[in-house]
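Here is the file coords_1.cif (mmCIF, C-alpha atoms).
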data_data
#
loop_
_atom_site.label_atom_id
_atom_site.label_comp_id
_atom_site.auth_asym_id
_atom_site.auth_seq_id
_atom_site.Cartn_x
_atom_site.Cartn_y
_atom_site.Cartn_z
CA MET A 1 0.00 0.00 0.00
CA SER A 2 1.46 3.39 -0.95
CA ARG A 3 2.01 6.23 1.48
CA VAL A 4 -0.85 8.25 -0.05
CA SER A 5 -3.34 5.38 0.17
CA VAL A 6 -2.37 4.69 3.81
CA GLU A 7 -2.97 8.39 4.57
CA LYS A 8 -6.36 8.26 2.85
CA LYS A 9 -7.35 5.20 4.87
CA VAL A 10 -6.27 6.85 8.14
CA LEU A 11 -8.24 10.01 7.30
CA SER A 12 -11.36 8.12 6.29
CA GLU A 13 -11.27 6.11 9.53
CA ASN A 14 -10.83 9.40 11.40
CA ASP A 15 -13.84 10.89 9.60
CA ARG A 16 -15.97 7.96 10.77
CA ILE A 17 -14.94 8.49 14.41
CA ALA A 18 -15.40 12.27 14.10
CA ALA A 19 -18.94 11.82 12.75
CA ALA A 20 -19.83 9.71 15.80
CA LEU A 21 -18.31 12.35 18.12
CA ARG A 22 -20.21 15.14 16.34
CA GLU A 23 -23.48 13.25 16.71
CA LYS A 24 -22.77 12.80 20.43
CA PHE A 25 -21.96 16.50 20.94
CA GLU A 26 -25.15 17.49 19.10
CA ARG A 27 -27.29 15.13 21.15
CA ASN A 28 -25.91 16.65 24.36
CA GLY A 29 -26.12 20.27 23.20
CA THR A 30 -22.35 20.61 23.63
CA LEU A 31 -20.46 23.22 21.63
CA CYS A 32 -17.10 21.65 20.76
CA VAL A 33 -14.35 24.12 19.77
CA ASN A 34 -11.04 22.96 18.24
CA PHE A 35 -8.12 25.42 18.65
CA ILE A 36 -5.30 25.24 16.13
CA SER A 37 -2.14 27.39 15.99
CA SER A 38 1.64 27.45 15.87
CA PRO A 39 3.46 26.58 19.10
CA GLY A 40 3.42 29.60 21.40
CA SER A 41 0.60 31.57 19.74
CA GLY A 42 -1.25 31.64 23.05
CA LYS A 43 -3.86 28.86 22.99
CA THR A 44 -3.35 27.98 26.65
CA ALA A 45 -3.24 31.63 27.76
CA LEU A 46 -6.49 32.25 25.87
CA LEU A 47 -8.15 29.32 27.60
CA GLU A 48 -6.83 30.44 30.99
CA ARG A 49 -8.39 33.86 30.63
CA THR A 50 -11.61 32.40 29.18
CA LEU A 51 -12.05 29.91 32.05
CA ALA A 52 -11.13 32.55 34.65
CA GLY A 53 -14.12 34.61 33.51
CA TYR A 54 -16.69 31.82 33.77
CA ASP A 55 -18.98 31.35 36.74
CA PRO A 56 -18.07 28.07 38.50
CA SER A 57 -21.65 26.86 37.98
CA ARG A 58 -21.13 26.65 34.22
CA ARG A 59 -20.39 23.29 32.68
CA VAL A 60 -17.33 23.62 30.50
CA ALA A 61 -14.39 21.24 30.05
CA VAL A 62 -11.02 21.09 28.29
CA LEU A 63 -8.99 18.44 26.46
CA THR A 64 -5.48 19.70 25.81
CA GLY A 65 -2.99 18.02 23.48
CA ASP A 66 0.80 18.02 23.56
CA ILE A 67 3.57 15.77 22.37
CA GLN A 68 5.11 15.73 25.83
CA THR A 69 4.39 17.16 29.32
CA ASP A 70 1.13 17.83 31.14
CA ASN A 71 2.09 21.50 31.74
CA ASP A 72 -1.01 22.84 30.00
CA ALA A 73 -3.45 20.63 31.92
CA ARG A 74 -1.79 21.76 35.16
CA ARG A 75 -2.11 25.42 34.14
CA LEU A 76 -5.75 25.02 33.12
CA SER A 77 -6.99 22.87 36.00
CA ARG A 78 -6.58 25.80 38.42
CA TYR A 79 -9.92 27.24 37.32
CA GLY A 80 -12.08 24.43 38.75
CA PHE A 81 -13.34 22.94 35.49
CA PRO A 82 -12.58 19.40 34.28
CA VAL A 83 -9.35 19.34 32.27
CA ARG A 84 -7.55 16.35 30.79
CA GLN A 85 -4.17 16.22 29.06
CA ILE A 86 -3.76 14.12 25.93
CA THR A 87 -0.06 13.34 25.45
CA THR A 88 0.47 12.19 21.88
CA GLY A 89 3.98 10.83 22.49
CA GLY A 90 5.31 12.07 19.16
CA ALA A 91 2.22 12.51 16.99
CA CYS A 92 2.02 15.99 15.52
CA HIS A 93 -1.77 16.38 15.85
CA LEU A 94 -4.83 15.15 17.74
CA ASP A 95 -7.17 12.70 16.03
CA GLY A 96 -10.71 11.49 16.65
CA ARG A 97 -9.59 8.35 18.48
CA MET A 98 -7.62 10.42 21.03
CA ILE A 99 -10.69 12.57 21.68
CA GLU A 100 -12.88 9.48 22.07
CA ARG A 101 -10.44 8.08 24.65
CA GLY A 102 -10.04 11.47 26.34
CA LEU A 103 -13.81 11.63 26.93
CA VAL A 104 -14.09 8.15 28.45
CA ASP A 105 -15.90 8.34 31.82
CA TRP A 106 -16.79 12.03 31.34
CA GLN A 107 -20.46 12.93 31.64
CA LEU A 108 -21.30 14.78 28.43
CA GLU A 109 -24.97 15.32 29.24
CA GLY A 110 -25.45 19.01 29.95
CA LEU A 111 -21.86 19.91 29.04
CA GLU A 112 -22.11 23.39 27.52
CA ILE A 113 -18.70 23.79 25.93
CA LEU A 114 -15.83 21.39 25.28
CA PHE A 115 -12.62 23.20 24.38
CA ILE A 116 -10.00 21.13 22.54
CA GLU A 117 -6.51 22.61 22.45
CA ASN A 118 -4.67 20.90 19.61
CA VAL A 119 -0.92 20.19 19.44
CA GLY A 120 0.95 23.41 18.51
CA ASN A 121 1.34 22.95 14.76
CA LEU A 122 -0.11 25.11 12.00
CA VAL A 123 -0.07 22.29 9.43
CA CYS A 124 -0.99 18.74 10.41
CA PRO A 125 -3.95 19.20 12.84
CA THR A 126 -5.90 20.77 9.97
CA SER A 127 -6.52 17.43 8.26
CA TYR A 128 -8.06 15.78 11.33
CA ASP A 129 -11.74 16.41 12.04
CA LEU A 130 -12.37 16.01 15.79
CA GLY A 131 -16.16 16.28 15.54
CA GLU A 132 -15.97 19.96 16.48
CA GLU A 133 -18.75 22.44 15.73
CA ALA A 134 -16.32 25.35 15.46
CA ARG A 135 -12.68 25.57 14.50
CA VAL A 136 -10.64 28.52 15.73
CA VAL A 137 -7.17 29.40 14.45
CA LEU A 138 -4.94 31.68 16.53
CA LEU A 139 -2.38 33.90 14.86
CA SER A 140 -0.18 36.07 17.05
CA VAL A 141 1.15 39.42 15.85
CA THR A 142 4.74 38.30 16.44
CA GLU A 143 4.43 35.68 13.66
CA GLY A 144 4.02 37.92 10.60
CA GLU A 145 1.05 38.81 8.39
CA ASP A 146 1.92 36.24 5.72
CA LYS A 147 0.93 33.11 7.66
CA PRO A 148 -2.60 32.74 6.15
CA LEU A 149 -1.02 32.70 2.68
CA LYS A 150 1.69 30.23 3.65
CA TYR A 151 -0.63 27.83 5.54
CA PRO A 152 -3.80 28.26 3.47
CA ALA A 153 -5.57 24.99 4.35
CA THR A 154 -5.53 25.81 8.06
CA PHE A 155 -7.08 29.26 7.59
CA PHE A 156 -9.47 28.03 4.88
CA ARG A 157 -10.99 25.46 7.24
CA ALA A 158 -11.32 27.74 10.27
CA ASP A 159 -14.54 29.52 11.28
CA LEU A 160 -12.78 32.19 13.31
CA MET A 161 -9.30 33.71 13.42
CA LEU A 162 -8.25 35.20 16.72
CA LEU A 163 -5.46 37.70 16.09
CA ASN A 164 -3.71 37.37 19.43
CA LYS A 165 -1.10 39.38 21.41
CA ILE A 166 -2.33 42.69 20.00
CA ASP A 167 -0.81 44.37 23.08
CA LEU A 168 2.55 43.75 21.34
CA LEU A 169 1.60 45.67 18.17
CA PRO A 170 3.64 48.76 19.15
CA TYR A 171 6.82 46.65 19.36
CA VAL A 172 6.61 44.47 16.22
CA PRO A 173 6.41 45.32 12.51
CA PHE A 174 2.96 43.73 12.08
CA ASP A 175 0.25 45.37 9.97
CA ALA A 176 -3.07 44.17 11.48
CA ALA A 177 -5.12 45.28 8.44
CA LEU A 178 -2.84 43.24 6.17
CA GLY A 179 -3.11 40.23 8.52
CA HIS A 180 -6.93 40.44 8.25
CA GLU A 181 -6.75 40.90 4.47
CA ASN A 182 -4.52 37.83 4.02
CA ALA A 183 -6.87 35.70 6.15
CA ARG A 184 -9.87 36.84 4.06
CA ARG A 185 -8.00 36.24 0.80
CA THR A 186 -7.53 32.65 1.94
CA ASN A 187 -11.04 32.28 3.37
CA PRO A 188 -13.60 35.00 2.53
CA GLU A 189 -16.04 33.54 5.12
CA ILE A 190 -13.65 33.65 8.08
CA GLU A 191 -14.65 35.74 11.08
CA ILE A 192 -11.86 37.70 12.79
CA LEU A 193 -11.42 39.10 16.28
CA ASN A 194 -8.41 40.91 17.75
CA VAL A 195 -7.55 39.83 21.29
CA SER A 196 -4.93 40.17 23.98
CA CYS A 197 -4.73 37.61 26.77
CA THR A 198 -2.53 40.04 28.71
CA THR A 199 -4.81 43.10 28.72
CA GLY A 200 -8.12 41.33 28.07
CA GLU A 201 -8.81 43.48 25.03
CA GLY A 202 -11.30 41.77 22.72
CA PHE A 203 -12.42 39.21 25.29
CA ASP A 204 -15.99 40.53 25.50
CA ALA A 205 -16.39 39.99 21.75
CA TRP A 206 -14.77 36.54 21.99
CA LEU A 207 -17.10 35.44 24.80
CA ARG A 208 -20.11 36.78 22.86
CA TRP A 209 -18.95 34.85 19.80
CA LEU A 210 -18.87 31.63 21.85
CA GLU A 211 -22.36 32.25 23.27
CA ALA A 212 -23.75 32.99 19.80
CA ARG A 213 -22.31 29.72 18.48
CA ARG A 214 -23.76 27.89 21.45
CA ALA A 215 -27.19 29.48 20.94
CA LYS A 216 -27.12 28.47 17.28
CA ARG A 217 -26.36 24.93 18.33
CA LEU A 218 -29.23 24.83 20.84
CA ARG A 219 -31.84 26.42 18.56
CA PRO A 220 -34.10 23.62 17.25
CA GLN A 221 -33.51 22.90 13.58
CA ARG A 222 -36.44 23.89 11.42
CA VAL A 223 -37.89 20.88 9.63
CA SER A 224 -39.20 21.78 6.18
CA MET B 1 1.30 -2.40 4.96
CA SER B 2 0.56 -0.59 8.23
CA ARG B 3 0.94 3.13 8.73
CA VAL B 4 3.99 2.66 10.95
CA SER B 5 5.76 0.40 8.45
CA VAL B 6 5.06 2.83 5.60
CA GLU B 7 6.55 5.62 7.73
CA LYS B 8 9.63 3.48 8.44
CA LYS B 9 10.07 2.76 4.74
CA VAL B 10 9.74 6.48 3.87
CA LEU B 11 12.30 7.43 6.53
CA SER B 12 14.79 4.76 5.52
CA GLU B 13 14.56 5.86 1.87
CA ASN B 14 15.08 9.44 3.06
CA ASP B 15 18.16 8.38 5.07
CA ARG B 16 19.67 6.86 1.92
CA ILE B 17 19.16 10.10 -0.05
CA ALA B 18 20.44 12.20 2.87
CA ALA B 19 23.62 10.11 3.09
CA ALA B 20 24.33 10.79 -0.60
CA LEU B 21 23.70 14.51 -0.08
CA ARG B 22 26.01 14.56 2.96
CA GLU B 23 28.76 12.87 1.00
CA LYS B 24 28.35 15.47 -1.77
CA PHE B 25 28.48 18.40 0.69
CA GLU B 26 31.61 16.94 2.32
CA ARG B 27 33.34 16.43 -1.01
CA ASN B 28 32.70 20.08 -1.94
CA GLY B 29 33.61 21.51 1.48
CA THR B 30 30.10 22.92 1.82
CA LEU B 31 28.67 23.56 5.28
CA CYS B 32 24.95 22.70 5.06
CA VAL B 33 22.77 24.18 7.82
CA ASN B 34 19.13 23.11 8.35
CA PHE B 35 16.93 25.65 10.18
CA ILE B 36 13.87 24.36 12.04
CA SER B 37 11.31 26.37 14.02
CA SER B 38 7.64 27.20 14.53
CA PRO B 39 6.03 29.43 11.90
CA GLY B 40 6.99 33.03 12.56
CA SER B 41 10.01 32.43 14.81
CA GLY B 42 12.15 34.46 12.44
CA LYS B 43 14.05 32.02 10.19
CA THR B 44 13.72 34.25 7.12
CA ALA B 45 14.58 37.43 9.04
CA LEU B 46 17.66 35.69 10.45
CA LEU B 47 18.76 34.68 6.96
CA GLU B 48 18.11 38.19 5.62
CA ARG B 49 20.38 39.76 8.21
CA THR B 50 22.98 37.01 7.78
CA LEU B 51 23.13 37.41 3.99
CA ALA B 52 23.12 41.22 4.24
CA GLY B 53 26.37 41.02 6.21
CA TYR B 54 28.24 38.82 3.75
CA ASP B 55 30.66 40.15 1.16
CA PRO B 56 29.21 39.53 -2.34
CA SER B 57 32.34 37.56 -3.23
CA ARG B 58 31.40 34.81 -0.78
CA ARG B 59 29.76 31.69 -2.12
CA VAL B 60 26.63 31.02 -0.08
CA ALA B 61 23.18 29.84 -1.23
CA VAL B 62 19.72 29.24 0.21
CA LEU B 63 16.97 26.69 -0.29
CA THR B 64 13.77 27.81 1.44
CA GLY B 65 10.74 25.61 2.03
CA ASP B 66 7.08 26.56 2.37
CA ILE B 67 3.75 24.88 1.81
CA GLN B 68 2.60 27.76 -0.41
CA THR B 69 4.01 31.05 -1.78
CA ASP B 70 7.48 32.04 -2.85
CA ASN B 71 7.48 35.06 -0.50
CA ASP B 72 10.62 33.93 1.33
CA ALA B 73 12.65 33.34 -1.82
CA ARG B 74 11.67 36.82 -3.02
CA ARG B 75 12.70 38.35 0.30
CA LEU B 76 16.02 36.50 0.33
CA SER B 77 17.03 36.94 -3.31
CA ARG B 78 17.57 40.68 -2.78
CA TYR B 79 21.01 40.03 -1.31
CA GLY B 80 22.58 38.78 -4.54
CA PHE B 81 23.15 35.15 -3.55
CA PRO B 82 21.47 32.16 -5.24
CA VAL B 83 18.11 31.41 -3.59
CA ARG B 84 15.54 28.83 -4.59
CA GLN B 85 12.04 28.27 -3.18
CA ILE B 86 10.83 24.73 -2.56
CA THR B 87 7.03 24.73 -2.42
CA THR B 88 5.87 21.51 -0.80
CA GLY B 89 2.23 21.90 -1.86
CA GLY B 90 0.87 20.56 1.44
CA ALA B 91 3.74 18.55 2.92
CA CYS B 92 4.60 19.67 6.45
CA HIS B 93 8.40 19.28 6.10
CA LEU B 94 11.26 19.16 3.62
CA ASP B 95 12.78 15.79 2.73
CA GLY B 96 15.98 14.65 1.07
CA ARG B 97 14.37 14.23 -2.35
CA MET B 98 13.21 17.87 -2.35
CA ILE B 99 16.75 19.03 -1.54
CA GLU B 100 18.19 16.82 -4.28
CA ARG B 101 15.77 18.37 -6.80
CA GLY B 102 16.36 21.87 -5.41
CA LEU B 103 20.09 21.51 -6.08
CA VAL B 104 19.72 20.33 -9.69
CA ASP B 105 21.85 22.52 -12.02
CA TRP B 106 23.53 24.31 -9.09
CA GLN B 107 27.32 24.29 -9.01
CA LEU B 108 28.22 22.91 -5.57
CA GLU B 109 31.98 23.02 -6.11
CA GLY B 110 33.37 25.79 -3.94
CA LEU B 111 30.02 26.53 -2.30
CA GLU B 112 30.92 27.61 1.25
CA ILE B 113 27.54 27.48 2.97
CA LEU B 114 24.13 26.13 1.96
CA PHE B 115 21.35 27.37 4.23
CA ILE B 116 18.15 25.31 4.21
CA GLU B 117 15.11 26.99 5.72
CA ASN B 118 12.63 24.26 6.58
CA VAL B 119 8.81 24.55 6.56
CA GLY B 120 7.65 26.37 9.71
CA ASN B 121 6.78 23.42 11.96
CA LEU B 122 8.39 22.47 15.25
CA VAL B 123 7.45 18.79 14.93
CA CYS B 124 7.61 17.01 11.57
CA PRO B 125 10.82 18.39 9.97
CA THR B 126 12.79 16.83 12.85
CA SER B 127 12.44 13.29 11.50
CA TYR B 128 13.87 14.12 8.06
CA ASP B 129 17.64 14.20 7.66
CA LEU B 130 18.55 16.54 4.78
CA GLY B 131 22.24 15.65 4.76
CA GLU B 132 23.02 18.74 6.84
CA GLU B 133 26.21 19.15 8.86
CA ALA B 134 24.50 21.38 11.43
CA ARG B 135 20.94 21.66 12.63
CA VAL B 136 19.77 24.94 14.14
CA VAL B 137 16.48 25.37 16.02
CA LEU B 138 15.07 28.86 16.50
CA LEU B 139 12.93 29.67 19.52
CA SER B 140 11.53 33.17 19.83
CA VAL B 141 10.90 34.76 23.23
CA THR B 142 7.23 35.30 22.39
CA GLU B 143 6.63 31.52 22.32
CA GLY B 144 7.21 30.62 25.97
CA GLU B 145 10.07 28.89 27.82
CA ASP B 146 8.35 25.49 27.82
CA LYS B 147 8.80 24.67 24.14
CA PRO B 148 11.97 22.53 24.50
CA LEU B 149 10.07 20.32 26.99
CA LYS B 150 6.98 20.06 24.80
CA TYR B 151 8.87 19.36 21.54
CA PRO B 152 11.82 17.40 22.92
CA ALA B 153 12.86 15.52 19.76
CA THR B 154 13.40 18.78 17.87
CA PHE B 155 15.66 20.28 20.54
CA PHE B 156 17.39 16.96 21.23
CA ARG B 157 18.52 16.67 17.60
CA ALA B 158 19.67 20.28 17.21
CA ASP B 159 23.31 21.42 17.48
CA LEU B 160 22.43 25.02 18.25
CA MET B 161 19.44 26.87 19.63
CA LEU B 162 19.10 30.50 18.60
CA LEU B 163 16.91 32.29 21.14
CA ASN B 164 15.48 34.92 18.84
CA LYS B 165 13.64 38.26 19.22
CA ILE B 166 15.44 39.08 22.46
CA ASP B 167 14.68 42.77 21.76
CA LEU B 168 11.11 41.89 22.84
CA LEU B 169 12.15 40.57 26.28
CA PRO B 170 10.98 43.75 28.08
CA TYR B 171 7.45 43.27 26.73
CA VAL B 172 6.81 39.55 27.23
CA PRO B 173 6.82 37.31 30.32
CA PHE B 174 9.74 35.17 29.10
CA ASP B 175 12.53 34.06 31.43
CA ALA B 176 15.61 33.62 29.21
CA ALA B 177 17.54 31.66 31.86
CA LEU B 178 14.64 29.20 32.14
CA GLY B 179 14.45 28.93 28.33
CA HIS B 180 18.15 27.98 28.28
CA GLU B 181 17.70 25.57 31.17
CA ASN B 182 14.79 23.78 29.47
CA ALA B 183 16.79 23.43 26.25
CA ARG B 184 19.75 21.96 28.19
CA ARG B 185 17.47 19.60 30.14
CA THR B 186 16.29 18.23 26.79
CA ASN B 187 19.75 18.24 25.20
CA PRO B 188 22.77 18.76 27.49
CA GLU B 189 25.05 19.15 24.42
CA ILE B 190 23.07 21.93 22.75
CA GLU B 191 24.83 25.25 22.15
CA ILE B 192 22.78 28.40 22.72
CA LEU B 193 23.04 31.95 21.42
CA ASN B 194 20.68 34.88 22.07
CA VAL B 195 19.97 36.97 18.97
CA SER B 196 17.79 39.76 17.66
CA CYS B 197 17.29 40.21 13.93
CA THR B 198 15.93 43.70 14.62
CA THR B 199 18.84 45.14 16.62
CA GLY B 200 21.57 42.76 15.41
CA GLU B 201 22.44 41.75 18.98
CA GLY B 202 24.20 38.40 19.04
CA PHE B 203 24.97 38.37 15.30
CA ASP B 204 28.73 38.54 15.76
CA ALA B 205 28.60 35.37 17.86
CA TRP B 206 26.26 33.69 15.35
CA LEU B 207 28.56 34.50 12.40
CA ARG B 208 31.57 33.26 14.39
CA TRP B 209 29.69 30.04 15.16
CA LEU B 210 29.09 29.49 11.44
CA GLU B 211 32.75 30.12 10.57
CA ALA B 212 33.91 27.75 13.30
CA ARG B 213 31.63 25.02 11.97
CA ARG B 214 32.91 25.67 8.47
CA ALA B 215 36.55 25.52 9.60
CA LYS B 216 35.84 22.21 11.36
CA ARG B 217 34.40 20.90 8.12
CA LEU B 218 37.42 21.99 6.05
CA ARG B 219 40.08 20.71 8.49
CA PRO B 220 41.48 17.44 7.09
CA GLN B 221 40.39 14.40 9.06
CA ARG B 222 43.26 12.75 10.90
CA VAL B 223 43.75 9.16 9.71
CA SER B 224 44.91 6.89 12.52
#
This structure in structure tokens:
Amino acid sequence: MSRVSVEKKVLSENDRIAAALREKFERNGTLCVNFISSPGSGKTALLERTLAGYDPSRRVAVLTGDIQTDNDARRLSRYGFPVRQITTGGACHLDGRMIERGLVDWQLEGLEILFIENVGNLVCPTSYDLGEEARVVLLSVTEGEDKPLKYPATFFRADLMLLNKIDLLPYVPFDAALGHENARRTNPEIEILNVSCTTGEGFDAWLRWLEARRAKRLRPQRVS
Amino acid sequence: MSRVSVEKKVLSENDRIAAALREKFERNGTLCVNFISSPGSGKTALLERTLAGYDPSRRVAVLTGDIQTDNDARRLSRYGFPVRQITTGGACHLDGRMIERGLVDWQLEGLEILFIENVGNLVCPTSYDLGEEARVVLLSVTEGEDKPLKYPATFFRADLMLLNKIDLLPYVPFDAALGHENARRTNPEIEILNVSCTTGEGFDAWLRWLEARRAKRLRPQRVS
């Protein structure tokens, strides 16, 4: 079997698992959000600030992926919500099977939001559907405006781009308008929000975006 | 054939090609340097400043890899040295075959340094030997000190870590000593230099490092 046909088989098996996960999330009214970015773009910091703002009575949970270490799970578990680390042991992305295993013995009924923090990698996670309802790509202003053009598949398949670390704009040669333009050239449908996990700028809009996606999920589908 | 055995076959074929490339570089006295980092860590900016400092009479060349666009080759070709873009069209890393093709019709005889800028990805390029004499990993201070622990294979296999963007240290919560410590925990042999492509800090040491590696390459091997 050639390399390409093995890859196709792996992806089609993953699609089958992702479809079952998606059906489960829908049944439970859970909004599942898959975060993809380069290493160090601020996925964990974004989740920290997001969880810190939630009332403890809310039902949200996190699966966080890394090749090695459980640093992120330790950082995120401080906020009182269920968090589980998925250590891939070398794999450069999360896949549906890892999510399935990560959810074992978790009560999904009534879970409002499941955040999945993918392995830091702007390429490979893109090909793996995790059954998510929304895919969010983070780009930080220290990385350069050209990233949507250089990694088009990742931006093309995302629902939302969070342009992160905007508090650093005065210190780096990053043109935010050009960053937006490049993302929209790659994906005209992409939504974009500017945020800073340091100052909290943009977090109101980000939290509203999440609630709107959740409301859309809960609204009964019209049957024609 | 299983996925793992296909991967093994691909890597062993790559090793064969890389060995032939290495032999060719050695024969021509060429120092080949493979740069690996996350997207946006500053590989292209580092090469721009490096090339800008070289006398035009020197014989250096660049192969630069990206999934899409020839932006980097256009940026780098301004300095008067041969530069060629390798567009992988989806692949998350460079491999030996791409380097072999990239070098077609280039005169290697007398080439002092060949810089290879890998696809921006802190995971996958690590597994692919390109026949290089030296492997350099860039970590920028905006990415967090934990990256060597989270991506251990990449730091373990590198000869040198360039801690980049140190001009931004006053604006980000990055502890440079801890960044060094984490790199050395992963790879006790790794050399480390702090650099800034904006201010030029650390460039003298970086250029000296390159010359020392080149001298080591040119020194005749003692036959016992």
Choose the residue, out of A:Ile192, A:Asn71, A:Leu103, A:Leu111, that has the smallest atom-to-atom separation from Glu145 (chain B); count all atoms listed in the file.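 Among the listed residues, A:Asn71 lies closest to Glu145 (chain B).
Neighbours of Glu133 (chain A) closer than or equal to 8 Å, with all atoms listed in the file counted and sequence neighbours fewer than 3 positions away skipped, come out as Arg22, Leu31, Cys32 and Val33 of chain A.
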In terms of the shortest atom-to-atom distance over only C-alpha atoms, which of B:Leu94, B:Ala52, B:Ala153, B:Val62 is closest to chain A? B:Ala153
Check: which chain A residues lie within 7 Å of chain B using all atoms listed in the file, as an NGL selection string: :A and (1 or 3 or 6 or 38-41 or 66-69 or 92 or 121 or 123-124 or 142-144 or 149-151)
How big is the axis-aligned box around all listed atoms of region 8-19 of chain B once 3 Å goes on each side, and where's its centre, in Å to one decimal, as AutoDock Vina command-line options?
--center_x 16.6 --center_y 7.5 --center_z 4.2 --size_x 20.0 --size_y 15.4 --size_z 14.5
Need the shell around Arg184 (chain B): protein/DNA/RNA residues with any atom at most 10 Å away, counting only C-alpha atoms. Skip same-chain ones fewer than 4 positions apart. Format as JSON, numbers by chain? {"B": [148, 149, 155, 156, 161, 178, 179, 180, 188, 189, 190, 191, 192]}
Tell me, as a ChimeraX atom specification, which residues lie within 7 Å of region 46-50 of chain B, counting only C-alpha atoms; anything in the same chain fewer than 3 positions away does not count. /B:42-43,53-54,76,197
With C-alpha atoms retained, export the selected residues as a PDB file, in the frame of the given file.
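Contents of selection_13.pdb, as written:
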ATOM      1  CA  GLY B  42      12.150  34.460  12.440  1.00  0.00           C
ATOM      2  CA  LYS B  43      14.050  32.020  10.190  1.00  0.00           C
ATOM      3  CA  GLY B  53      26.370  41.020   6.210  1.00  0.00           C
ATOM      4  CA  TYR B  54      28.240  38.820   3.750  1.00  0.00           C
ATOM      5  CA  LEU B  76      16.020  36.500   0.330  1.00  0.00           C
ATOM      6  CA  CYS B 197      17.290  40.210  13.930  1.00  0.00           C
TER       7      CYS B 197
END
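Taking CA of Leu169 (chain B) and CA of Ala134 (chain B) as endpoints, the distance between them is 27.2 Å.
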Evaluate the PyMOL selection byres ((chain A and resi 162) around 7) here and jot the selected residues down as a VMD selection string. chain A and resid 137 to 139 160 to 161 163 to 164 192 to 195
Sphere at (-15.3, 23.8, 27.7), radius 6 Å, counting all atoms listed in the file: residues as a list in words: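 Applying the cut-off with all atoms listed in the file, one gets Val60, Ala61, Val62, Ile113, Leu114 and Phe115 of chain A.
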Take the residues that were just selected and, keeping C-alpha atoms, output them as an mmCIF file, keeping the file's coordinate frame.
data_model
loop_
_atom_site.group_PDB
_atom_site.id
_atom_site.type_symbol
_atom_site.label_atom_id
_atom_site.label_comp_id
_atom_site.auth_asym_id
_atom_site.auth_seq_id
_atom_site.Cartn_x
_atom_site.Cartn_y
_atom_site.Cartn_z
ATOM 1 C CA VAL A 60 -17.330 23.620 30.500
ATOM 2 C CA ALA A 61 -14.390 21.240 30.050
ATOM 3 C CA VAL A 62 -11.020 21.090 28.290
ATOM 4 C CA ILE A 113 -18.700 23.790 25.930
ATOM 5 C CA LEU A 114 -15.830 21.390 25.280
ATOM 6 C CA PHE A 115 -12.620 23.200 24.380
#
Starting from the shown file, work through the PyMOL selection byres ((chain A and resi 35) around 6) and note down what comes out as a ChimeraX atom specification. /A:34,36,117-118,136-137
Using C-alpha atoms, can you write the selected residues to a file as a PDB file, keeping the file's coordinate frame?
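Done, and the output landed in part.pdb:
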ATOM      1  CA  ASN A  34     -11.040  22.960  18.240  1.00  0.00           C
ATOM      2  CA  ILE A  36      -5.300  25.240  16.130  1.00  0.00           C
ATOM      3  CA  GLU A 117      -6.510  22.610  22.450  1.00  0.00           C
ATOM      4  CA  ASN A 118      -4.670  20.900  19.610  1.00  0.00           C
ATOM      5  CA  VAL A 136     -10.640  28.520  15.730  1.00  0.00           C
ATOM      6  CA  VAL A 137      -7.170  29.400  14.450  1.00  0.00           C
TER       7      VAL A 137
END
Mind giving me the straight-line distance from CA of Gln85 (chain B) to CA of Leu130 (chain B) in Å, one decimal?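 Between these atoms lies a distance of 15.6 Å.
Take CA of Leu218 (chain B) and CA of Thr126 (chain B): the distance between them is 26.1 Å.
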Would you kindly return, as a PyMOL selection string, each protein, DNA or RNA residue with an atom no farther than 7 Å from any atom of region 11-17 of chain A, considering only C-alpha atoms and excluding same-chain residues fewer than 4 positions away? chain A and resi 7+21+95-97+128-129
Tell me which of B:Asp159, B:Arg58, B:Ile116, B:Arg185 sits closest to Trp209 (chain B), counting all atoms listed in the file.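 For Trp209 (chain B), the nearest of the given residues is B:Asp159.
This file, filtered with the PyMOL selection byres ((chain B and resi 108) around 10), gives the residues B:Lys24, B:Phe25, B:Arg27, B:Asn28, B:Gly29, B:Thr30, B:Arg59, B:Val60, B:Ala61, B:Leu103, B:Val104, B:Asp105, B:Trp106, B:Gln107, B:Glu109, B:Gly110, B:Leu111, B:Glu112, B:Ile113, B:Leu114.
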